[in-house]
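Novice: Got a structure for you, work07.cif, holding mmCIF, C-alpha atoms (C1' of nucleotides).
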```
data_structure
loop_
_atom_site.label_atom_id
_atom_site.label_comp_id
_atom_site.auth_asym_id
_atom_site.auth_seq_id
_atom_site.Cartn_x
_atom_site.Cartn_y
_atom_site.Cartn_z
CA MET A 1 -53.13 102.95 -40.12
CA LYS A 2 -51.38 101.67 -43.16
CA SER A 3 -49.40 98.48 -42.78
CA ASP A 4 -45.68 98.83 -43.34
CA VAL A 5 -45.80 97.14 -46.74
CA SER A 6 -48.51 99.55 -47.78
CA GLU A 7 -46.39 102.49 -46.82
CA VAL A 8 -43.42 101.18 -48.79
CA PHE A 9 -45.50 100.31 -51.83
CA SER A 10 -47.26 103.63 -51.95
CA ALA A 11 -44.02 105.48 -51.30
CA LEU A 12 -42.51 103.77 -54.34
CA GLY A 13 -45.69 104.18 -56.34
CA ASP A 14 -44.97 107.80 -57.11
CA ASN A 15 -42.52 108.42 -59.95
CA THR A 16 -40.96 111.54 -58.48
CA ARG A 17 -40.47 109.82 -55.17
CA ARG A 18 -39.03 106.64 -56.66
CA THR A 19 -36.60 108.76 -58.68
CA ILE A 20 -35.50 110.52 -55.51
CA TYR A 21 -35.02 107.18 -53.80
CA GLU A 22 -32.96 105.93 -56.73
CA GLN A 23 -30.77 109.01 -56.53
CA LEU A 24 -30.27 108.47 -52.83
CA LEU A 25 -29.25 104.87 -53.54
CA ASP A 26 -26.67 106.24 -55.96
CA ARG A 27 -25.11 108.36 -53.25
CA PRO A 28 -24.13 106.34 -50.20
CA LEU A 29 -23.13 109.61 -48.54
CA GLY A 30 -26.60 111.06 -48.97
CA SER A 31 -28.01 114.20 -50.51
CA THR A 32 -29.75 117.29 -49.24
CA ALA A 33 -33.15 118.40 -50.42
CA THR A 34 -31.56 121.45 -52.00
CA GLU A 35 -29.13 119.31 -53.98
CA LEU A 36 -31.87 117.02 -55.19
CA ALA A 37 -34.05 119.96 -56.17
CA LYS A 38 -31.43 121.17 -58.65
CA SER A 39 -31.78 118.13 -60.89
CA ALA A 40 -35.49 117.74 -60.30
CA SER A 41 -38.36 119.44 -62.04
CA VAL A 42 -40.16 120.31 -58.83
CA SER A 43 -39.46 122.73 -56.02
CA ARG A 44 -37.29 122.07 -53.01
CA GLN A 45 -40.36 122.03 -50.80
CA ALA A 46 -41.90 119.27 -52.87
CA ILE A 47 -38.67 117.29 -52.51
CA VAL A 48 -38.69 117.80 -48.76
CA LYS A 49 -42.18 116.38 -48.50
CA HIS A 50 -41.20 113.37 -50.57
CA LEU A 51 -38.15 112.81 -48.39
CA GLN A 52 -40.31 112.89 -45.28
CA ILE A 53 -42.62 110.30 -46.78
CA LEU A 54 -39.65 108.11 -47.70
CA GLU A 55 -38.39 108.54 -44.17
CA SER A 56 -41.64 107.56 -42.52
CA ALA A 57 -41.82 104.52 -44.78
CA GLY A 58 -38.41 103.45 -43.51
CA LEU A 59 -36.76 104.04 -46.87
CA ALA A 60 -34.58 106.98 -45.86
CA GLU A 61 -32.91 108.51 -42.86
CA ALA A 62 -32.25 112.17 -42.14
CA LEU A 63 -28.92 113.22 -40.66
CA ARG A 64 -28.27 116.80 -39.60
CA GLU A 65 -24.79 118.15 -40.35
CA GLY A 66 -24.49 121.73 -39.29
CA ARG A 67 -27.11 123.61 -41.20
CA GLU A 68 -27.55 120.87 -43.76
CA VAL A 69 -29.78 117.83 -43.56
CA ARG A 70 -28.49 114.86 -45.52
CA TYR A 71 -30.86 112.09 -46.45
CA LEU A 72 -29.54 108.57 -46.79
CA ALA A 73 -31.32 105.67 -48.46
CA LEU A 74 -32.14 102.73 -46.26
CA ALA A 75 -32.34 99.80 -48.63
CA ARG A 76 -33.40 97.47 -45.84
CA GLY A 77 -36.68 99.36 -45.71
CA THR A 78 -37.76 97.43 -48.77
CA GLU A 79 -37.27 94.03 -47.16
CA HIS A 80 -40.83 93.39 -46.06
CA ALA A 81 -42.25 94.58 -49.36
CA THR A 82 -39.81 92.41 -51.32
CA GLN A 83 -40.64 89.46 -49.13
CA TRP A 84 -44.36 90.02 -49.62
CA LEU A 85 -43.96 90.01 -53.39
CA ILE A 86 -41.79 86.91 -53.37
CA ASP A 87 -44.05 85.04 -50.95
CA HIS A 88 -47.21 85.75 -52.85
CA GLY A 89 -45.69 85.07 -56.23
CA ALA A 90 -44.32 81.77 -54.97
CA ALA A 91 -47.55 80.81 -53.23
CA TRP A 92 -49.44 81.44 -56.43
CA ASP A 93 -47.02 79.26 -58.39
CA ARG A 94 -47.57 76.40 -55.96
CA ARG A 95 -51.34 76.73 -56.26
CA ILE A 96 -51.17 76.67 -60.03
CA ALA A 97 -48.89 73.66 -59.92
CA ALA A 98 -51.38 71.90 -57.68
CA LEU A 99 -54.19 72.76 -60.06
CA GLU A 100 -52.20 71.37 -62.95
CA ARG A 101 -51.49 68.14 -61.14
CA LYS A 102 -55.16 67.79 -60.36
CA ALA A 103 -56.11 68.47 -63.95
CA SER A 104 -53.58 66.04 -65.38
CA ALA A 105 -55.17 63.30 -63.29
CA THR A 106 -58.26 63.52 -65.49
CA ARG A 107 -56.92 64.98 -68.73
CA PRO A 108 -53.68 64.25 -70.60
CA THR A 109 -52.19 67.68 -69.92
CA LEU A 110 -53.11 71.21 -69.07
CA ARG A 111 -50.22 72.85 -70.89
CA GLY A 112 -51.54 74.20 -74.13
CA ARG A 113 -55.07 74.18 -72.82
CA PRO A 114 -58.12 75.39 -74.79
CA MET B 1 -48.03 108.38 -67.69
CA LYS B 2 -47.02 106.19 -64.85
CA SER B 3 -44.36 103.61 -65.49
CA ASP B 4 -45.46 100.01 -65.08
CA VAL B 5 -43.64 99.57 -61.78
CA SER B 6 -45.36 102.67 -60.47
CA GLU B 7 -48.73 101.27 -61.36
CA VAL B 8 -48.01 97.99 -59.60
CA PHE B 9 -46.57 99.67 -56.52
CA SER B 10 -49.43 102.08 -56.13
CA ALA B 11 -51.96 99.34 -56.84
CA LEU B 12 -50.48 97.34 -53.96
CA GLY B 13 -50.11 100.42 -51.80
CA ASP B 14 -53.76 100.44 -50.87
CA ASN B 15 -54.77 98.01 -48.13
CA THR B 16 -58.22 97.23 -49.49
CA ARG B 17 -56.78 96.57 -52.92
CA ARG B 18 -53.93 94.43 -51.68
CA THR B 19 -56.42 92.38 -49.67
CA ILE B 20 -58.51 91.86 -52.77
CA TYR B 21 -55.42 90.78 -54.68
CA GLU B 22 -54.53 88.33 -51.92
CA GLN B 23 -58.01 86.86 -52.09
CA LEU B 24 -57.74 86.47 -55.83
CA LEU B 25 -54.43 84.68 -55.35
CA ASP B 26 -56.22 82.30 -53.00
CA ARG B 27 -58.73 81.37 -55.69
CA PRO B 28 -57.10 80.16 -58.87
CA LEU B 29 -60.57 79.98 -60.39
CA GLY B 30 -61.22 83.65 -59.72
CA SER B 31 -63.92 85.62 -57.95
CA THR B 32 -66.61 88.05 -58.98
CA ALA B 33 -66.92 91.54 -57.57
CA THR B 34 -70.18 90.55 -55.92
CA GLU B 35 -68.54 87.61 -54.16
CA LEU B 36 -65.66 89.72 -52.94
CA ALA B 37 -68.01 92.42 -51.72
CA LYS B 38 -69.66 89.99 -49.29
CA SER B 39 -66.53 89.55 -47.19
CA ALA B 40 -65.37 93.13 -47.63
CA SER B 41 -66.35 96.19 -45.67
CA VAL B 42 -66.95 98.32 -48.73
CA SER B 43 -69.56 98.28 -51.46
CA ARG B 44 -69.49 96.20 -54.60
CA GLN B 45 -68.90 99.33 -56.64
CA ALA B 46 -65.79 100.13 -54.63
CA ILE B 47 -64.56 96.58 -55.24
CA VAL B 48 -65.21 96.94 -58.96
CA LYS B 49 -63.08 100.06 -59.10
CA HIS B 50 -60.27 98.32 -57.27
CA LEU B 51 -60.47 95.36 -59.62
CA GLN B 52 -60.23 97.66 -62.61
CA ILE B 53 -57.15 99.28 -61.14
CA LEU B 54 -55.60 95.86 -60.50
CA GLU B 55 -56.43 94.92 -64.05
CA SER B 56 -54.86 98.00 -65.59
CA ALA B 57 -51.76 97.39 -63.49
CA GLY B 58 -51.50 93.91 -64.97
CA LEU B 59 -52.28 92.21 -61.69
CA ALA B 60 -55.66 90.77 -62.64
CA GLU B 61 -57.63 89.66 -65.64
CA ALA B 62 -61.39 89.82 -66.19
CA LEU B 63 -63.18 86.89 -67.77
CA ARG B 64 -66.83 87.08 -68.70
CA GLU B 65 -68.90 83.97 -68.05
CA GLY B 66 -72.49 84.49 -68.95
CA ARG B 67 -73.67 87.36 -66.84
CA GLU B 68 -70.82 87.03 -64.38
CA VAL B 69 -67.37 88.55 -64.60
CA ARG B 70 -64.69 86.55 -62.86
CA TYR B 71 -61.42 88.21 -61.97
CA LEU B 72 -58.26 86.15 -61.88
CA ALA B 73 -54.98 87.17 -60.28
CA LEU B 74 -52.01 87.48 -62.58
CA ALA B 75 -49.01 86.88 -60.37
CA ARG B 76 -46.64 87.60 -63.24
CA GLY B 77 -47.79 91.21 -63.11
CA THR B 78 -45.54 91.68 -60.10
CA GLU B 79 -42.41 90.56 -61.90
CA HIS B 80 -41.06 93.97 -62.86
CA ALA B 81 -41.77 95.41 -59.46
CA THR B 82 -40.10 92.47 -57.74
CA GLN B 83 -37.13 92.79 -60.03
CA TRP B 84 -36.87 96.49 -59.36
CA LEU B 85 -36.77 95.90 -55.61
CA ILE B 86 -34.22 93.12 -55.88
CA ASP B 87 -32.02 95.05 -58.31
CA HIS B 88 -31.97 98.19 -56.25
CA GLY B 89 -31.49 96.42 -52.96
CA ALA B 90 -28.63 94.41 -54.40
CA ALA B 91 -27.04 97.41 -56.10
CA TRP B 92 -27.12 99.27 -52.85
CA ASP B 93 -25.43 96.40 -51.03
CA ARG B 94 -22.61 96.41 -53.57
CA ARG B 95 -22.15 100.17 -53.22
CA ILE B 96 -21.98 99.94 -49.46
CA ALA B 97 -19.50 97.10 -49.69
CA ALA B 98 -17.35 99.20 -52.02
CA LEU B 99 -17.53 102.13 -49.62
CA GLU B 100 -16.48 99.95 -46.74
CA ARG B 101 -13.53 98.56 -48.66
CA LYS B 102 -12.46 102.08 -49.57
CA ALA B 103 -12.84 103.27 -46.01
CA SER B 104 -10.92 100.39 -44.53
CA ALA B 105 -8.00 101.36 -46.74
CA THR B 106 -7.58 104.63 -44.85
CA ARG B 107 -9.39 104.10 -41.59
CA PRO B 108 -9.77 101.03 -39.41
CA THR B 109 -13.53 100.82 -40.00
CA LEU B 110 -16.56 102.77 -41.07
CA ARG B 111 -18.91 101.20 -38.60
CA GLY B 112 -19.46 103.62 -35.76
CA ARG B 113 -18.54 106.73 -37.70
CA PRO B 114 -18.73 110.26 -36.17
"C1'" DG C 1 -94.09 85.74 -69.18
"C1'" DC C 2 -92.16 87.86 -64.66
"C1'" DT C 3 -88.72 88.02 -61.09
"C1'" DT C 4 -84.22 87.59 -59.39
"C1'" DT C 5 -79.49 88.44 -59.55
"C1'" DG C 6 -75.15 90.27 -61.24
"C1'" DT C 7 -73.18 94.17 -63.90
"C1'" DG C 8 -72.53 98.76 -65.69
"C1'" DC C 9 -72.91 103.71 -65.62
"C1'" DA C 10 -73.11 108.28 -63.67
"C1'" DA C 11 -73.31 111.73 -60.29
"C1'" DC C 12 -71.61 113.03 -56.20
"C1'" DC C 13 -68.77 113.67 -51.90
"C1'" DA C 14 -64.95 114.07 -48.55
"C1'" DT C 15 -60.42 113.65 -48.01
"C1'" DA C 16 -55.64 112.73 -49.48
"C1'" DT C 17 -52.01 113.99 -52.39
"C1'" DG C 18 -48.54 116.49 -55.01
"C1'" DA C 19 -47.34 120.75 -55.82
"C1'" DT C 20 -46.74 125.83 -55.26
"C1'" DT C 21 -45.40 130.40 -52.97
"C1'" DG C 22 -43.87 133.47 -49.42
"C1'" DC C 23 -41.56 134.33 -45.36
"C1'" DA C 24 -39.12 133.46 -40.99
"C1'" DG C 25 -35.18 131.40 -38.67
"C1'" DT C 26 -30.20 129.89 -38.43
"C1'" DA C 27 -25.83 128.48 -39.55
"C1'" DT C 28 -21.72 129.43 -42.38
"C1'" DA C 29 -18.71 132.53 -45.22
"C1'" DG C 30 -16.69 137.01 -46.16
"C1'" DC D 1 -21.05 142.36 -38.51
"C1'" DT D 2 -23.34 141.50 -42.74
"C1'" DA D 3 -24.51 138.91 -46.47
"C1'" DT D 4 -25.48 134.39 -48.13
"C1'" DA D 5 -26.95 130.03 -48.30
"C1'" DC D 6 -30.02 126.16 -46.40
"C1'" DT D 7 -33.81 124.65 -43.79
"C1'" DG D 8 -38.59 125.02 -41.59
"C1'" DC D 9 -43.35 126.41 -41.38
"C1'" DA D 10 -47.81 127.72 -43.12
"C1'" DA D 11 -51.28 128.85 -46.32
"C1'" DT D 12 -53.09 127.72 -50.54
"C1'" DC D 13 -54.55 125.20 -54.71
"C1'" DA D 14 -55.92 121.73 -58.20
"C1'" DT D 15 -56.50 117.23 -58.93
"C1'" DA D 16 -56.57 112.29 -57.67
"C1'" DT D 17 -58.47 108.88 -54.86
"C1'" DG D 18 -61.56 105.89 -52.34
"C1'" DG D 19 -65.87 105.71 -51.32
"C1'" DT D 20 -71.06 106.19 -51.66
"C1'" DT D 21 -75.89 105.99 -53.78
"C1'" DG D 22 -79.38 105.36 -57.27
"C1'" DC D 23 -80.90 103.51 -61.41
"C1'" DA D 24 -80.76 101.23 -65.89
"C1'" DC D 25 -79.71 96.94 -68.32
"C1'" DA D 26 -78.99 92.07 -69.29
"C1'" DA D 27 -78.90 87.22 -68.28
"C1'" DA D 28 -80.72 83.24 -65.54
"C1'" DG D 29 -84.34 81.02 -62.92
"C1'" DC D 30 -89.02 79.91 -62.05
#
```
Could you render the structure from this file as structure tokens?
Specialist:
Amino acid sequence: MKSDVSEVFSALGDNTRRTIYEQLLDRPLGSTATELAKSASVSRQAIVKHLQILESAGLAEALREGREVRYLALARGTEHATQWLIDHGAAWDRRIAALERKASATRPTLRGRP
Amino acid sequence: MKSDVSEVFSALGDNTRRTIYEQLLDRPLGSTATELAKSASVSRQAIVKHLQILESAGLAEALREGREVRYLALARGTEHATQWLIDHGAAWDRRIAALERKASATRPTLRGRP
DNA sequence: GCTTTGTGCAACCATATGATTGCAGTATAG
DNA sequence: CTATACTGCAATCATATGGTTGCACAAAGC
């Protein structure tokens, strides 16, 4: 199975899908697949599939209202992915800083290196 | 073409590739495809392809040293993607807050709606 | 020189992915 | 009741993706 971060990253890695997600974020009351299909360049069925992927990645939620199904964005679904990016970026910064300290112990400075 | 965030997200959306990226982050001096292949469950050629994808997403850099090619992680390649996640998460929070303010003007609360 | 060792290239394969179309089922509106 | 949306399901399709193998090529090592 994919890890949860993987699912979020690959869900957001498709332009059509990220656009859909952005539109959902713009509408706190949600949208239906049919609505979204009107402004999109792909069919309703394609939208439905994207919505299901967003849902299984924890990025959206489906709510039935009569014969309609409204999809709502779940921004909290991005938390783990955001955290992963921040953690790894920060960890890398610390490692580089350590490297620079080590280097400056033998050479004047590493900034502006060869 | 894919937008740059798309490339980063889909690069990180594959488990093998994200693992490779994590390993590169652990080695500020870089690794070669051959080295990485030893601890991986896939062939060197598969690793090479992943490294090229990471490179074209701006997440890694290839440096030739004699007959070896060392790949270094570029943590800054995640900046746009991180920013996108933070921006959209934050924007969503503001919208929800606005909705709740609006709702509390007419109804006691929105939490626990129909 | 000859032999390792690390890369690069190309063909190939199975499966996943993004998309389409057509049709059936079900609420809502008239 | 009938017509009109809106959703659900299934088959289908082309291409992308992640992986493999085999071999040629170049740089070190002996």
Novice: Pick from B:His88, B:Arg70, B:His50, B:Arg101: nearest to Thr19 in chain A, with all atoms listed in the file counted?
Specialist: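 Closest to Thr19 in chain A of all the choices is B:His88.
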Novice: In Å, with one decimal, what is the gap from CA of Arg27 in chain A to CA of Gly77 in chain A?
Specialist: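 A separation of 16.5 Å between them.
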Novice: Give the residues of chain D that lie within 9 Å of chain B; count all atoms listed in the file, and format the answer as a VMD selection string.
Specialist: chain D and resid 18 to 20 26 to 28
Novice: Can I get the selected residues back with C-alpha atoms (C1' of nucleotides), as a short mmCIF file (atom, residue, chain, number, x, y, z; two decimals), in the coordinates of the input?
Specialist:
```cif
data_model
loop_
_atom_site.label_atom_id
_atom_site.label_comp_id
_atom_site.auth_asym_id
_atom_site.auth_seq_id
_atom_site.Cartn_x
_atom_site.Cartn_y
_atom_site.Cartn_z
"C1'" DG D 18 -61.56 105.89 -52.34
"C1'" DG D 19 -65.87 105.71 -51.32
"C1'" DT D 20 -71.06 106.19 -51.66
"C1'" DA D 26 -78.99 92.07 -69.29
"C1'" DA D 27 -78.90 87.22 -68.28
"C1'" DA D 28 -80.72 83.24 -65.54
#
```
Novice: By how many Å are CA of Ile86 in chain B and CA of Leu24 in chain A apart?
Specialist: 16.1 Å
Novice: Mind giving me the straight-line distance from CA of Asp26 in chain B to CA of Ser56 in chain B in Å, one decimal?
Specialist: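 Going from CA of Asp26 in chain B over to CA of Ser56 in chain B covers 20.2 Å.
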Novice: Using every Cα, in order, as the fitting set, what is the least-squares RMSD of chain B against chain A?
Specialist: 0.8 Å
Novice: Find the spatial neighbours of Ala81 in chain B, counting all atoms listed in the file, within a cut-off of 12 Å - ignore same-chain residues fewer than 3 positions away - and output them as a ChimeraX atom specification.
Specialist: /A:9,12-13,18,78,81-86,89 /B:3-12,57-59,75-78,84-88
Novice: Just C-alpha atoms for this one: save the residues we selected as a PDB file, in the frame of the given file.
Specialist:
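Produced file selection_12.pdb, reproduced below:
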```pdb
ATOM      1  CA  PHE A   9     -45.500 100.310 -51.830  1.00  0.00           C
ATOM      2  CA  LEU A  12     -42.510 103.770 -54.340  1.00  0.00           C
ATOM      3  CA  GLY A  13     -45.690 104.180 -56.340  1.00  0.00           C
ATOM      4  CA  ARG A  18     -39.030 106.640 -56.660  1.00  0.00           C
ATOM      5  CA  THR A  78     -37.760  97.430 -48.770  1.00  0.00           C
ATOM      6  CA  ALA A  81     -42.250  94.580 -49.360  1.00  0.00           C
ATOM      7  CA  THR A  82     -39.810  92.410 -51.320  1.00  0.00           C
ATOM      8  CA  GLN A  83     -40.640  89.460 -49.130  1.00  0.00           C
ATOM      9  CA  TRP A  84     -44.360  90.020 -49.620  1.00  0.00           C
ATOM     10  CA  LEU A  85     -43.960  90.010 -53.390  1.00  0.00           C
ATOM     11  CA  ILE A  86     -41.790  86.910 -53.370  1.00  0.00           C
ATOM     12  CA  GLY A  89     -45.690  85.070 -56.230  1.00  0.00           C
TER      13      GLY A  89
ATOM     14  CA  SER B   3     -44.360 103.610 -65.490  1.00  0.00           C
ATOM     15  CA  ASP B   4     -45.460 100.010 -65.080  1.00  0.00           C
ATOM     16  CA  VAL B   5     -43.640  99.570 -61.780  1.00  0.00           C
ATOM     17  CA  SER B   6     -45.360 102.670 -60.470  1.00  0.00           C
ATOM     18  CA  GLU B   7     -48.730 101.270 -61.360  1.00  0.00           C
ATOM     19  CA  VAL B   8     -48.010  97.990 -59.600  1.00  0.00           C
ATOM     20  CA  PHE B   9     -46.570  99.670 -56.520  1.00  0.00           C
ATOM     21  CA  SER B  10     -49.430 102.080 -56.130  1.00  0.00           C
ATOM     22  CA  ALA B  11     -51.960  99.340 -56.840  1.00  0.00           C
ATOM     23  CA  LEU B  12     -50.480  97.340 -53.960  1.00  0.00           C
ATOM     24  CA  ALA B  57     -51.760  97.390 -63.490  1.00  0.00           C
ATOM     25  CA  GLY B  58     -51.500  93.910 -64.970  1.00  0.00           C
ATOM     26  CA  LEU B  59     -52.280  92.210 -61.690  1.00  0.00           C
ATOM     27  CA  ALA B  75     -49.010  86.880 -60.370  1.00  0.00           C
ATOM     28  CA  ARG B  76     -46.640  87.600 -63.240  1.00  0.00           C
ATOM     29  CA  GLY B  77     -47.790  91.210 -63.110  1.00  0.00           C
ATOM     30  CA  THR B  78     -45.540  91.680 -60.100  1.00  0.00           C
ATOM     31  CA  TRP B  84     -36.870  96.490 -59.360  1.00  0.00           C
ATOM     32  CA  LEU B  85     -36.770  95.900 -55.610  1.00  0.00           C
ATOM     33  CA  ILE B  86     -34.220  93.120 -55.880  1.00  0.00           C
ATOM     34  CA  ASP B  87     -32.020  95.050 -58.310  1.00  0.00           C
ATOM     35  CA  HIS B  88     -31.970  98.190 -56.250  1.00  0.00           C
TER      36      HIS B  88
END
```
Novice: Here is a test: counting all atoms listed in the file, which residue of C:DA14, C:DG25, C:DG30, C:DT20 is nearest to chain A?
Specialist: C:DT20
Novice: Only residues of chain C matter here; which ones have an atom within 12 Å of chain A, counting only C-alpha atoms (C1' of nucleotides)? Give them as JSON, numbers by chain.
Specialist: {"C": [17, 18, 19, 20, 21, 25, 26, 27, 28]}
Novice: Next, the residues of the selection above should be written as a PDB file, keeping the file's coordinate frame with C-alpha atoms (C1' of nucleotides).
Specialist:
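Below is the file part-v2.pdb, written as the result:
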```
ATOM      1  C1'  DT C  17     -52.010 113.990 -52.390  1.00  0.00           C
ATOM      2  C1'  DG C  18     -48.540 116.490 -55.010  1.00  0.00           C
ATOM      3  C1'  DA C  19     -47.340 120.750 -55.820  1.00  0.00           C
ATOM      4  C1'  DT C  20     -46.740 125.830 -55.260  1.00  0.00           C
ATOM      5  C1'  DT C  21     -45.400 130.400 -52.970  1.00  0.00           C
ATOM      6  C1'  DG C  25     -35.180 131.400 -38.670  1.00  0.00           C
ATOM      7  C1'  DT C  26     -30.200 129.890 -38.430  1.00  0.00           C
ATOM      8  C1'  DA C  27     -25.830 128.480 -39.550  1.00  0.00           C
ATOM      9  C1'  DT C  28     -21.720 129.430 -42.380  1.00  0.00           C
TER      10       DT C  28
END
```
Novice: Taking 6 positions as the minimum chain separation for residues in the same chain, which residues sit within 8 Å of Ala73 in chain B when counting all atoms listed in the file? Answer as a CSV table (one decimal) with C-alpha atoms, in the frame of the given file.
Specialist:
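Produced file selection-v4.csv, reproduced below:
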```csv
chain,number,residue,atom,x,y,z
B,21,TYR,CA,-55.4,90.8,-54.7
B,24,LEU,CA,-57.7,86.5,-55.8
B,25,LEU,CA,-54.4,84.7,-55.4
B,28,PRO,CA,-57.1,80.2,-58.9
B,30,GLY,CA,-61.2,83.6,-59.7
B,59,LEU,CA,-52.3,92.2,-61.7
B,60,ALA,CA,-55.7,90.8,-62.6
B,61,GLU,CA,-57.6,89.7,-65.6
```
Novice: Restricting the calculation to all atoms listed in the file, which member of B:Ser41, B:Arg64, B:Glu55, B:Ala98 is positioned closest to chain A?
Specialist: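 That would be B:Ala98, the residue with the smallest distance to chain A.
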Novice: Which of these residues is nearest to chain B, using all atoms listed in the file: A:Ala97, A:Trp92, A:Ile53, A:Lys38?
Specialist: A:Trp92
Novice: Some atoms are missing, so please complete range 41-56 of chain A with N, CA and C atoms and return it as a PDB file, in the frame of the given file.
Specialist:
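And here's selection39.pdb as it stands now:
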```pdb
ATOM      1  N   SER A  41     -37.507 118.473 -61.359  1.00  0.00           N
ATOM      2  CA  SER A  41     -38.360 119.440 -62.040  1.00  0.00           C
ATOM      3  C   SER A  41     -39.370 120.059 -61.079  1.00  0.00           C
ATOM      4  N   VAL A  42     -39.244 119.741 -59.822  1.00  0.00           N
ATOM      5  CA  VAL A  42     -40.160 120.310 -58.830  1.00  0.00           C
ATOM      6  C   VAL A  42     -39.377 121.104 -57.798  1.00  0.00           C
ATOM      7  N   SER A  43     -40.094 121.839 -56.994  1.00  0.00           N
ATOM      8  CA  SER A  43     -39.460 122.730 -56.020  1.00  0.00           C
ATOM      9  C   SER A  43     -38.794 121.971 -54.882  1.00  0.00           C
ATOM     10  N   ARG A  44     -37.947 122.681 -54.161  1.00  0.00           N
ATOM     11  CA  ARG A  44     -37.290 122.070 -53.010  1.00  0.00           C
ATOM     12  C   ARG A  44     -38.324 121.600 -51.997  1.00  0.00           C
ATOM     13  N   GLN A  45     -39.350 122.399 -51.781  1.00  0.00           N
ATOM     14  CA  GLN A  45     -40.360 122.030 -50.800  1.00  0.00           C
ATOM     15  C   GLN A  45     -41.043 120.712 -51.151  1.00  0.00           C
ATOM     16  N   ALA A  46     -41.288 120.533 -52.439  1.00  0.00           N
ATOM     17  CA  ALA A  46     -41.900 119.270 -52.870  1.00  0.00           C
ATOM     18  C   ALA A  46     -40.972 118.113 -52.544  1.00  0.00           C
ATOM     19  N   ILE A  47     -39.672 118.330 -52.816  1.00  0.00           N
ATOM     20  CA  ILE A  47     -38.670 117.290 -52.510  1.00  0.00           C
ATOM     21  C   ILE A  47     -38.667 116.968 -51.022  1.00  0.00           C
ATOM     22  N   VAL A  48     -38.701 118.016 -50.213  1.00  0.00           N
ATOM     23  CA  VAL A  48     -38.690 117.800 -48.760  1.00  0.00           C
ATOM     24  C   VAL A  48     -39.846 116.910 -48.345  1.00  0.00           C
ATOM     25  N   LYS A  49     -41.020 117.205 -48.872  1.00  0.00           N
ATOM     26  CA  LYS A  49     -42.180 116.380 -48.500  1.00  0.00           C
ATOM     27  C   LYS A  49     -41.971 114.929 -48.923  1.00  0.00           C
ATOM     28  N   HIS A  50     -41.435 114.736 -50.118  1.00  0.00           N
ATOM     29  CA  HIS A  50     -41.200 113.370 -50.570  1.00  0.00           C
ATOM     30  C   HIS A  50     -40.200 112.668 -49.651  1.00  0.00           C
ATOM     31  N   LEU A  51     -39.157 113.403 -49.263  1.00  0.00           N
ATOM     32  CA  LEU A  51     -38.150 112.810 -48.390  1.00  0.00           C
ATOM     33  C   LEU A  51     -38.763 112.402 -47.059  1.00  0.00           C
ATOM     34  N   GLN A  52     -39.677 113.229 -46.558  1.00  0.00           N
ATOM     35  CA  GLN A  52     -40.310 112.890 -45.280  1.00  0.00           C
ATOM     36  C   GLN A  52     -41.168 111.643 -45.408  1.00  0.00           C
ATOM     37  N   ILE A  53     -41.810 111.507 -46.560  1.00  0.00           N
ATOM     38  CA  ILE A  53     -42.620 110.300 -46.780  1.00  0.00           C
ATOM     39  C   ILE A  53     -41.715 109.075 -46.875  1.00  0.00           C
ATOM     40  N   LEU A  54     -40.602 109.220 -47.604  1.00  0.00           N
ATOM     41  CA  LEU A  54     -39.650 108.110 -47.700  1.00  0.00           C
ATOM     42  C   LEU A  54     -39.144 107.744 -46.308  1.00  0.00           C
ATOM     43  N   GLU A  55     -38.899 108.784 -45.508  1.00  0.00           N
ATOM     44  CA  GLU A  55     -38.390 108.540 -44.170  1.00  0.00           C
ATOM     45  C   GLU A  55     -39.413 107.775 -43.328  1.00  0.00           C
ATOM     46  N   SER A  56     -40.664 108.223 -43.377  1.00  0.00           N
ATOM     47  CA  SER A  56     -41.640 107.560 -42.520  1.00  0.00           C
ATOM     48  C   SER A  56     -42.003 106.175 -43.034  1.00  0.00           C
TER      49      SER A  56
END
```
